Every structure is written in C-alpha cells, then in structure tokens.
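Asks: Please read through the structure below; I'll follow up with questions.
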Amino acid sequence: MIPIYVLWMRQLKRYVRSRPRVIGSLGQPLLFLLALGFGLGPVFRKAGQGSYLQFLASGIVGMAVLFTAMFSGIELIWDRQFGFLKETLVAPVPRIQIMIGRTLGGATVAVLQGLVVIIIAVVAGFRVTHYAGLASALVFMGLIGLTFTALGTALASVLPDFQGFQLIMNLLVMPIFFLSGALFPLIGLPKLLDVIARLDPLSYGVDGLRTALTGVGHFGLGTDLAVLSGLCAVLLVLGGWLFSRIEL
Amino acid sequence: MRYVSGSAMIEVHELTKTFNGLTAVREVSLEVKEGEIFAFLGPNGAGKTTTIKMLTTLLRPTSGTIRLNGIDPTIRQQEARKLFGIVFQDPSVDDELTAQENLEIHGALYHVPRKLIGERSERLLKLFELWERRHDPVKQFSGGMRRRLEIARGLLHTPRIIFLDEPTLGLDPQTRNQLWLHVKELNQEDGVTVFLTTHYMEEAERVAKRVAIIDHGSIVAQGSPEELRRQTGSATLEEAFLTLTGTTIREEEPDSLTQMRNMARVWRGQQR
C-alpha cells in the first residue's frame, strides 16, 4: 500500500507545484464557460431550453476532468523520457501497484480541477439545484478521472515518444469532448450523431454529473453509473496490462 | 581464474538481445561471485547498458538465461528486483520534487522502514554534499549535483547486488573518490556484489577484482585486470583495452556505415 500512496502523493505534489499548469488548465474551461455560456445563452433560451449556463456547466466540469485526467495518463511519456519511470520499474513493487498509484493520483488531480471549475461556474451564475447531489457529482468526477487517466496510461504505454501526442489530442480527446452531451442536449440529434454520442463514454459521465448537480438528465443515473463504472474497470485492466509490459 | 570465495551471484549464459534484426548483445556469458566487484567494460554502444537492462528486468532477453542468486529475473521479477539496486547512466530523478522527496519515494518503493530512510538519507546527503540543498527541487540542481543525488538514492537501500552504469560520468575527482570509497565499504562490510561499467580504466583497475570487456555485443576478454594485461602484454588496463577493442572511435547512435557493418555482421552471423 505504501508504494501506491507515495506515487499518488507524487502526482499531487507535481500538480500543485506546477502553477502554470494549474492556471493554464483552468483557462480553457473558463473560456468555454464564459464564451459559450453567455454567447449561446440567448439562442438556447429562445429555443425554449432555459439557461444555457445551467446546462453547460456540467459539461465543462466534465471537460476539465477529461483533459486533466488524459494529460495525467499521458504524462507517463514524460517520465519515460526524463527517466523517472525507470526508477519505478526496477523497484520491487508489482507494476500494477505502480500503475494504480499513478492513476489514482491523476484521477485525484482531475477531480480537484473539476471542483475548481464548479466553483468558477457558481461564481458565473450556475446554480447547483441539488446540494445533496454534490456527493454523486464527486463519484462521477472520480469515475471520469479514473477512466481517462487509465486510457491515457494505456496509450502512453505503447507510445515511445511525443510524436503521437498531438494525434491523440485531435483525433481522440477533442472528439470525445465535442461529441458527448457536454455542449448540447442529446435530444433530436441526427441519427449518426446520436449513435456516436451513445458510444462516447464521456456522454454518460457528463449526463451523470448534470443529473447530480441540476436534477436534469438524459440516460438516467443508474445507466450512467453502470456504463461508466464498467468502462472504467475495463480501461484500468487494459492500462494495467499494457503498463506491466513496458520495456525500456 | 582467481575467484573470491562464495557462490555465483550473477550467472549469465549466452545472453542475446536483438532489436529489429540488429544484435545489440550476442551470446554473452559471465559469472560474478557473491561479494565480488566486477567491471563490465567496453566502448560506447558495445552493449553494456543493454546487458544491464536485461539483468535488471527492464528488457526481456531474446535468448539466453540469467540467474541472480539463482532467481530467473525474467520469470520471478519481483524476487529478482528485491535483490538489486541500480544507479542508471541516464537521469532518473524527479525534477519537480526535492532531493529529500526523491530519496523518500525510493525508500518507500524499496520498503525501507521510515526511520531508516531518515538516517540513511542524512548520511548519504551529507556524504555527497547535498544536505544543505535537500529541500530544493532537483530542477534547480547542477548536472553534478543531480548525478550525486542519483548515486545517493541508489545506495539508500542495501541490496545484495548493486549495478552501477557509468556512475562516475560527469563527476569531479573528489566525488568519484567518495563514491568508490563508499562502494568499497559496502562491498567489504555488507558483502554487496558490485557490477559496474565505466570508461575510466584506472578506476576499473583500482576497484574491480575481475573485468570483462565487451565489444560489438560480444565479450572479447574476461579475467582479472592483471590477467588481461598479461594476455595482451600491456602495462596498463587501458592499453589492454585498446589492444582488445581497437582504436576506432565508436558512435553511440550507429551512422549509416556502422548500420551497414552491423547488418553485415548479422548476415555473417547467420551464415555460421
């Protein structure tokens, strides 16, 4: 257990100490929240959907967790290039414990980031209608965080360097964000988009968050939880397996 | 051959590693006795680091066998990792953390009791003159300080075997001296087996009881420094080394010519 704890702690320390990273990663959600929230607000209201900010906030929280988690997972490439990975791989600790420590650390950082975005959203005018839902929101943030840190770790385990990083950002992370229900309601969509949104794991995460925070949802909390936990388990196993096969 | 007493701690038999058809290590066989200081010498790109990586579970061998104290590190990885400590040739400390934190993580990963981590960290940080800077993040350290921290960290737990891959690269003579004194002490007092690589022949001559010289992935000579000198009729180990490996300068990254030579060697190897 101690190795898991120290590696978890390491991720946290690295995050807290890297102030540019904290500020930089908050800038993006802030921009989305304000530009889209206030920019598209009037259109959304005219369409009879109520406050867009109220709808969007959960999506942006999901986005912040997604990006931070993915980045934490992919940070493994840094550790490979700057050498710290070697130090952990020759230690007499089962690799699965190393992977779990890192992943829990990445997920924790992602959840912290999500909480900060919730606070920013509240300042901007977002109203949490179910304060009791904050606990379920934490669960969903944790699941999104774990799922995507594990996915990032799995990808970083097979990528030798940063060459593929941009590819992953543009062809995987961005679509996961844009095609989930983060920015638009999943009702009355064209067939193809509807199918894609249903296949997108983040759709369930964002939907769960939205249900927990505002009481309005699409799939239902039970479905959200089941799909996301199932996928999270699969990715943790896959990430753990790929991580344990790393050769340097 | 003159051996120190004790059973074999490291046994390597016909170890081979190929990367995409290029043979980095070819049928290397060697044996290091318990409590021995063994130097593994060779020009750049000869296969030293690849061999160490295979011995320390970072790379899977293409063929051949390894036993560390009788344990096969390709199968019983956990048990093998408990046996050794390693100081890598390339940096492997976490830049964002402080020197102290790097040592603490290492101690925790190696299951060193907390109290002992404190005591040993203090001793090692003082020995390598990093004590005053222990709470500074490593990214503020100079190259030499980082190197010293790597070494201090590698010595934090007392393993049965310690691998030192070019430990003195970039160190000043004072630190080098401290390092070898400490390694000798570990070897004599705790019976730690030492497997080291270095480019400084006079160091190898000073500390190692036995040396092996590897070139182009194969071992070209093995024995005590004295034996190698006698074999080649040289006055120093450095001369013996040059006689055995030639005077051509090696590139770490093979250029097109060496790649062709390597290919040719692979091809010749298959013909045999």
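Chains: A, B, ... in order of the structure tokens. Residues: from 1 per chain. Ligands: from 1, in order shown.
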Would you kindly return, as a PyMOL selection string, each protein, DNA or RNA residue with an atom no farther than 9 Å from any atom of region 45-51 of chain B, considering only C-alpha atoms and excluding same-chain residues fewer than 5 positions away?
Replies: chain B and resi 15-17+24-26+28+40+56+59+61+88-89+165+197+214-218+250-254
Asks: Please report, as CSV, each residue of chain B lying at most 8 Å from chain A, together with the nearest pair of atoms and the separation in Å rounded to one decimal; use only C-alpha atoms, and order rows by chain and ascending residue number.
Replies:
```
residue,atom,partner,partner_atom,distance
B:Lys53,CA,A:Leu248,CA,7.8
B:Thr56,CA,A:Val90,CA,6.6
B:Thr57,CA,A:Val90,CA,6.7
B:Leu58,CA,A:Glu247,CA,5.5
B:Leu59,CA,A:Glu247,CA,5.3
B:Arg60,CA,A:Glu247,CA,7.5
B:Gln78,CA,A:Pro92,CA,5.3
B:Glu79,CA,A:Pro92,CA,7.3
B:Ala80,CA,A:Pro92,CA,7.9
B:Arg81,CA,A:Pro92,CA,4.8
B:Lys82,CA,A:Pro92,CA,5.1
B:Asp90,CA,A:Gly83,CA,7.0
B:Pro91,CA,A:Gly83,CA,5.6
B:Ser92,CA,A:Gly83,CA,3.9
B:Val93,CA,A:Phe84,CA,5.4
B:Asp94,CA,A:Phe84,CA,5.8
B:Glu96,CA,A:Arg14,CA,6.2
B:Leu97,CA,A:Arg14,CA,7.3
B:Ile105,CA,A:Val6,CA,6.2
B:His106,CA,A:Glu87,CA,8.0
B:Ala108,CA,A:Pro3,CA,6.0
B:Leu109,CA,A:Pro3,CA,5.3
B:Tyr110,CA,A:Pro92,CA,6.2
```
Asks: Quick one: DSSP strand (DSSP E) residues in region 18-120 of chain B, as an MDAnalysis selection string?
Replies: chainID B and resid 18:19 22:33 37:41 63:68 84:87
Asks: Would you kindly return, as a VMD selection string, each protein, DNA or RNA residue with an atom no farther than 12 Å from any atom of Leu138 (chain A), considering only C-alpha atoms and excluding same-chain residues fewer than 5 positions away?
Replies: chain A and resid 58 61 to 62 65 107 to 108 110 to 115 118 131 to 133 143 to 145 205 to 206 208 to 210 212 to 213
Asks: Output the selection as a short mmCIF file (atom, residue, chain, number, x, y, z; two decimals), in the first residue's frame - N, CA and C atoms for each residue.
Replies:
```cif
data_model
loop_
_atom_site.label_atom_id
_atom_site.label_comp_id
_atom_site.auth_asym_id
_atom_site.auth_seq_id
_atom_site.Cartn_x
_atom_site.Cartn_y
_atom_site.Cartn_z
N SER A 58 -22.10 21.57 -16.26
CA SER A 58 -21.72 20.17 -16.00
C SER A 58 -20.82 19.65 -17.11
N VAL A 61 -17.37 21.02 -16.56
CA VAL A 61 -16.73 20.30 -15.46
C VAL A 61 -16.20 18.98 -16.00
N GLY A 62 -17.04 18.29 -16.78
CA GLY A 62 -16.62 17.02 -17.39
C GLY A 62 -15.40 17.21 -18.27
N VAL A 65 -12.25 17.64 -16.19
CA VAL A 65 -11.80 16.36 -15.63
C VAL A 65 -11.19 15.50 -16.74
N ALA A 107 -6.30 10.80 -11.25
CA ALA A 107 -7.74 10.98 -11.08
C ALA A 107 -8.03 12.00 -9.98
N THR A 108 -7.25 11.96 -8.90
CA THR A 108 -7.45 12.92 -7.81
C THR A 108 -7.23 14.34 -8.29
N ALA A 110 -7.51 15.38 -11.30
CA ALA A 110 -8.60 15.71 -12.22
C ALA A 110 -9.86 16.13 -11.45
N VAL A 111 -10.14 15.42 -10.36
CA VAL A 111 -11.32 15.76 -9.56
C VAL A 111 -11.14 17.15 -8.92
N LEU A 112 -9.94 17.42 -8.42
CA LEU A 112 -9.68 18.75 -7.84
C LEU A 112 -9.95 19.83 -8.88
N GLN A 113 -9.45 19.58 -10.07
CA GLN A 113 -9.63 20.52 -11.17
C GLN A 113 -11.13 20.72 -11.44
N GLY A 114 -11.89 19.62 -11.45
CA GLY A 114 -13.33 19.68 -11.67
C GLY A 114 -14.02 20.51 -10.59
N LEU A 115 -13.59 20.32 -9.33
CA LEU A 115 -14.20 21.08 -8.23
C LEU A 115 -13.97 22.57 -8.40
N ILE A 118 -16.38 23.86 -10.89
CA ILE A 118 -17.72 24.02 -10.31
C ILE A 118 -17.80 25.36 -9.58
N TYR A 131 -27.97 20.18 -3.65
CA TYR A 131 -26.70 20.15 -2.94
C TYR A 131 -26.38 18.75 -2.48
N ALA A 132 -27.42 17.94 -2.27
CA ALA A 132 -27.19 16.54 -1.90
C ALA A 132 -26.52 15.81 -3.06
N GLY A 133 -26.74 16.34 -4.27
CA GLY A 133 -26.16 15.71 -5.46
C GLY A 133 -24.66 15.90 -5.57
N LEU A 143 -15.02 8.85 -11.39
CA LEU A 143 -15.07 7.82 -12.43
C LEU A 143 -14.52 8.33 -13.76
N ILE A 144 -14.92 9.56 -14.13
CA ILE A 144 -14.38 10.15 -15.37
C ILE A 144 -12.86 10.24 -15.26
N GLY A 145 -12.42 10.72 -14.10
CA GLY A 145 -10.97 10.88 -13.87
C GLY A 145 -10.23 9.56 -14.01
N GLY A 205 -20.70 10.24 -18.40
CA GLY A 205 -20.10 10.98 -17.29
C GLY A 205 -20.74 12.34 -17.13
N VAL A 206 -20.86 13.06 -18.26
CA VAL A 206 -21.44 14.40 -18.20
C VAL A 206 -22.92 14.32 -17.80
N GLY A 208 -24.33 12.03 -15.99
CA GLY A 208 -24.39 11.73 -14.56
C GLY A 208 -24.14 12.99 -13.73
N LEU A 209 -23.13 13.75 -14.13
CA LEU A 209 -22.81 15.00 -13.42
C LEU A 209 -24.00 15.96 -13.46
N ARG A 210 -24.58 16.07 -14.65
CA ARG A 210 -25.68 17.02 -14.83
C ARG A 210 -26.89 16.62 -13.99
N ALA A 212 -26.78 14.85 -11.28
CA ALA A 212 -26.43 15.03 -9.87
C ALA A 212 -26.51 16.51 -9.47
N LEU A 213 -26.05 17.39 -10.35
CA LEU A 213 -25.96 18.80 -9.97
C LEU A 213 -27.24 19.59 -10.22
#
```
Asks: Would you mind telling me which residue in B:Ala99, B:Thr168, B:His182, B:Thr193 lies nearest to Leu149 (chain B) when using only C-alpha atoms?
Replies: B:Ala99
Asks: So that I can check the secondary structure, give me every residue of region 12-75 of chain A assigned alpha helix (DSSP H) by backbone DSSP, as a PyMOL selection string.
Replies: chain A and resi 12-17+19-31+37-39+41-46+52-75
Asks: Could those residues be written to a file, using N, CA and C atoms, as a short mmCIF file (atom, residue, chain, number, x, y, z; two decimals), in the first residue's frame?
Replies:
```cif
data_model
loop_
_atom_site.label_atom_id
_atom_site.label_comp_id
_atom_site.auth_asym_id
_atom_site.auth_seq_id
_atom_site.Cartn_x
_atom_site.Cartn_y
_atom_site.Cartn_z
N LEU A 12 0.17 14.40 -6.95
CA LEU A 12 -0.43 15.58 -6.33
C LEU A 12 0.57 16.71 -6.17
N LYS A 13 1.76 16.35 -5.67
CA LYS A 13 2.78 17.37 -5.46
C LYS A 13 3.17 18.01 -6.78
N ARG A 14 3.35 17.16 -7.79
CA ARG A 14 3.73 17.70 -9.10
C ARG A 14 2.68 18.68 -9.61
N TYR A 15 1.41 18.35 -9.39
CA TYR A 15 0.34 19.20 -9.87
C TYR A 15 0.32 20.54 -9.13
N VAL A 16 0.35 20.44 -7.81
CA VAL A 16 0.25 21.65 -7.00
C VAL A 16 1.42 22.60 -7.26
N ARG A 17 2.62 22.00 -7.50
CA ARG A 17 3.80 22.84 -7.68
C ARG A 17 3.89 23.45 -9.07
N ARG A 19 2.45 25.62 -11.13
CA ARG A 19 1.43 26.66 -11.19
C ARG A 19 0.99 27.00 -12.62
N PRO A 20 1.93 27.07 -13.56
CA PRO A 20 1.48 27.35 -14.94
C PRO A 20 0.47 26.32 -15.43
N ARG A 21 0.69 25.06 -15.00
CA ARG A 21 -0.21 24.01 -15.45
C ARG A 21 -1.61 24.23 -14.85
N VAL A 22 -1.65 24.58 -13.57
CA VAL A 22 -2.94 24.79 -12.92
C VAL A 22 -3.69 25.94 -13.61
N ILE A 23 -2.96 27.05 -13.79
CA ILE A 23 -3.61 28.22 -14.38
C ILE A 23 -4.01 27.93 -15.83
N GLY A 24 -3.07 27.32 -16.58
CA GLY A 24 -3.34 27.01 -17.98
C GLY A 24 -4.54 26.10 -18.14
N SER A 25 -4.62 25.10 -17.28
CA SER A 25 -5.70 24.14 -17.47
C SER A 25 -7.03 24.67 -16.95
N LEU A 26 -7.00 25.78 -16.20
CA LEU A 26 -8.27 26.39 -15.79
C LEU A 26 -8.74 27.42 -16.82
N GLY A 27 -7.77 27.94 -17.57
CA GLY A 27 -8.09 28.96 -18.57
C GLY A 27 -9.08 28.45 -19.60
N GLN A 28 -8.83 27.23 -20.07
CA GLN A 28 -9.67 26.68 -21.13
C GLN A 28 -11.12 26.49 -20.69
N PRO A 29 -11.37 25.80 -19.58
CA PRO A 29 -12.76 25.67 -19.13
C PRO A 29 -13.43 27.03 -18.90
N LEU A 30 -12.65 27.95 -18.38
CA LEU A 30 -13.18 29.28 -18.11
C LEU A 30 -13.65 29.94 -19.40
N LEU A 31 -12.81 29.83 -20.42
CA LEU A 31 -13.15 30.41 -21.72
C LEU A 31 -14.41 29.78 -22.29
N GLY A 37 -21.24 29.95 -22.70
CA GLY A 37 -22.35 30.12 -21.76
C GLY A 37 -23.11 31.41 -22.00
N PHE A 38 -22.34 32.49 -22.13
CA PHE A 38 -23.03 33.77 -22.34
C PHE A 38 -23.30 34.04 -23.81
N GLY A 39 -22.42 33.52 -24.69
CA GLY A 39 -22.58 33.76 -26.12
C GLY A 39 -23.79 33.04 -26.70
N GLY A 41 -26.14 31.63 -24.84
CA GLY A 41 -27.26 31.70 -23.88
C GLY A 41 -28.57 32.16 -24.48
N PRO A 42 -28.58 33.34 -25.17
CA PRO A 42 -29.83 33.87 -25.72
C PRO A 42 -30.49 32.91 -26.72
N VAL A 43 -29.67 32.30 -27.61
CA VAL A 43 -30.22 31.36 -28.60
C VAL A 43 -30.88 30.18 -27.90
N PHE A 44 -30.17 29.66 -26.91
CA PHE A 44 -30.64 28.49 -26.15
C PHE A 44 -31.97 28.81 -25.48
N ARG A 45 -32.06 30.02 -24.93
CA ARG A 45 -33.28 30.43 -24.23
C ARG A 45 -34.44 30.56 -25.22
N LYS A 46 -34.12 31.13 -26.40
CA LYS A 46 -35.16 31.31 -27.42
C LYS A 46 -35.70 29.97 -27.90
N TYR A 52 -28.62 28.37 -20.66
CA TYR A 52 -27.56 27.54 -21.25
C TYR A 52 -26.44 27.31 -20.25
N LEU A 53 -26.12 28.35 -19.47
CA LEU A 53 -25.06 28.20 -18.47
C LEU A 53 -25.40 27.05 -17.52
N GLN A 54 -26.65 26.98 -17.15
CA GLN A 54 -27.13 25.94 -16.24
C GLN A 54 -26.90 24.56 -16.86
N PHE A 55 -27.11 24.49 -18.18
CA PHE A 55 -26.92 23.23 -18.90
C PHE A 55 -25.43 22.93 -19.10
N LEU A 56 -24.71 23.97 -19.53
CA LEU A 56 -23.32 23.81 -19.97
C LEU A 56 -22.35 23.48 -18.83
N ALA A 57 -22.60 24.05 -17.65
CA ALA A 57 -21.62 23.96 -16.56
C ALA A 57 -21.16 22.51 -16.31
N SER A 58 -22.10 21.57 -16.26
CA SER A 58 -21.72 20.17 -16.00
C SER A 58 -20.82 19.65 -17.11
N GLY A 59 -21.13 20.07 -18.35
CA GLY A 59 -20.30 19.65 -19.48
C GLY A 59 -18.88 20.16 -19.37
N ILE A 60 -18.74 21.40 -18.90
CA ILE A 60 -17.40 21.99 -18.79
C ILE A 60 -16.65 21.36 -17.61
N VAL A 61 -17.37 21.02 -16.56
CA VAL A 61 -16.73 20.30 -15.46
C VAL A 61 -16.20 18.98 -16.00
N GLY A 62 -17.04 18.29 -16.78
CA GLY A 62 -16.62 17.02 -17.39
C GLY A 62 -15.40 17.21 -18.27
N MET A 63 -15.39 18.31 -19.02
CA MET A 63 -14.27 18.59 -19.90
C MET A 63 -12.98 18.78 -19.10
N ALA A 64 -13.08 19.56 -18.03
CA ALA A 64 -11.89 19.81 -17.21
C ALA A 64 -11.34 18.50 -16.65
N VAL A 65 -12.25 17.64 -16.19
CA VAL A 65 -11.80 16.36 -15.63
C VAL A 65 -11.19 15.50 -16.74
N LEU A 66 -11.86 15.48 -17.89
CA LEU A 66 -11.36 14.68 -19.03
C LEU A 66 -9.95 15.11 -19.42
N PHE A 67 -9.75 16.40 -19.66
CA PHE A 67 -8.46 16.88 -20.13
C PHE A 67 -7.37 16.64 -19.10
N THR A 68 -7.66 16.95 -17.84
CA THR A 68 -6.65 16.78 -16.80
C THR A 68 -6.28 15.31 -16.65
N ALA A 69 -7.29 14.44 -16.68
CA ALA A 69 -7.04 13.01 -16.49
C ALA A 69 -6.23 12.45 -17.66
N MET A 70 -6.64 12.79 -18.87
CA MET A 70 -5.94 12.32 -20.06
C MET A 70 -4.48 12.76 -20.00
N PHE A 71 -4.28 14.01 -19.63
CA PHE A 71 -2.93 14.55 -19.57
C PHE A 71 -2.10 13.83 -18.51
N SER A 72 -2.73 13.57 -17.36
CA SER A 72 -2.00 12.87 -16.29
C SER A 72 -1.57 11.50 -16.75
N GLY A 73 -2.44 10.82 -17.50
CA GLY A 73 -2.09 9.50 -18.00
C GLY A 73 -0.93 9.58 -18.98
N ILE A 74 -1.05 10.55 -19.89
CA ILE A 74 -0.04 10.67 -20.95
C ILE A 74 1.29 11.19 -20.39
N GLU A 75 1.23 11.79 -19.22
CA GLU A 75 2.45 12.27 -18.56
C GLU A 75 3.48 11.15 -18.41
#
```
Asks: Which residues come within 9 Å of Phe219 (chain A), counting only C-alpha atoms, excluding same-chain residues fewer than 3 positions away, as a ChimeraX atom specification?
Replies: /A:204,207-208,222-224
Asks: Those residues with N, CA and C atoms, as a PDB file, in the first residue's frame please?
Replies:
```pdb
ATOM      1  N   TYR A 204     -21.940   9.674 -20.783  1.00  0.00           N
ATOM      2  CA  TYR A 204     -22.525   9.147 -19.549  1.00  0.00           C
ATOM      3  C   TYR A 204     -21.970   9.874 -18.335  1.00  0.00           C
ATOM      4  N   ASP A 207     -23.613  13.318 -18.333  1.00  0.00           N
ATOM      5  CA  ASP A 207     -25.028  13.160 -18.005  1.00  0.00           C
ATOM      6  C   ASP A 207     -25.200  12.874 -16.512  1.00  0.00           C
ATOM      7  N   GLY A 208     -24.327  12.034 -15.987  1.00  0.00           N
ATOM      8  CA  GLY A 208     -24.386  11.732 -14.556  1.00  0.00           C
ATOM      9  C   GLY A 208     -24.142  12.986 -13.730  1.00  0.00           C
ATOM     10  N   GLY A 222     -28.777   5.594 -13.071  1.00  0.00           N
ATOM     11  CA  GLY A 222     -28.378   4.186 -12.990  1.00  0.00           C
ATOM     12  C   GLY A 222     -27.571   3.760 -14.205  1.00  0.00           C
ATOM     13  N   THR A 223     -28.076   4.099 -15.399  1.00  0.00           N
ATOM     14  CA  THR A 223     -27.377   3.758 -16.644  1.00  0.00           C
ATOM     15  C   THR A 223     -26.008   4.437 -16.676  1.00  0.00           C
ATOM     16  N   ASP A 224     -25.997   5.733 -16.351  1.00  0.00           N
ATOM     17  CA  ASP A 224     -24.735   6.480 -16.351  1.00  0.00           C
ATOM     18  C   ASP A 224     -23.696   5.769 -15.503  1.00  0.00           C
TER      19      ASP A 224
END
```
Asks: Using only C-alpha atoms, find the one residue out of A:Leu179, A:Ala233, A:Leu76, A:Leu33 that sits nearest to Leu192 (chain A).
Replies: A:Leu179
Asks: Tell me which of B:Arg123, B:Leu156, B:Leu41, B:Thr65 sits closest to Glu205 (chain B), counting only C-alpha atoms.
Replies: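 Selected residue with least distance to Glu205 (chain B): B:Leu41.
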Asks: Just the number, please: distance in Å from CA of Leu55 (chain B) to CA of Pro160 (chain A), one decimal.
Replies: 21.8 Å
Asks: Which of these, A:Val158, A:Leu189, A:Leu183, A:Val109, has the shortest distance to Phe32 (chain A) once you count only C-alpha atoms?
Replies: A:Leu183
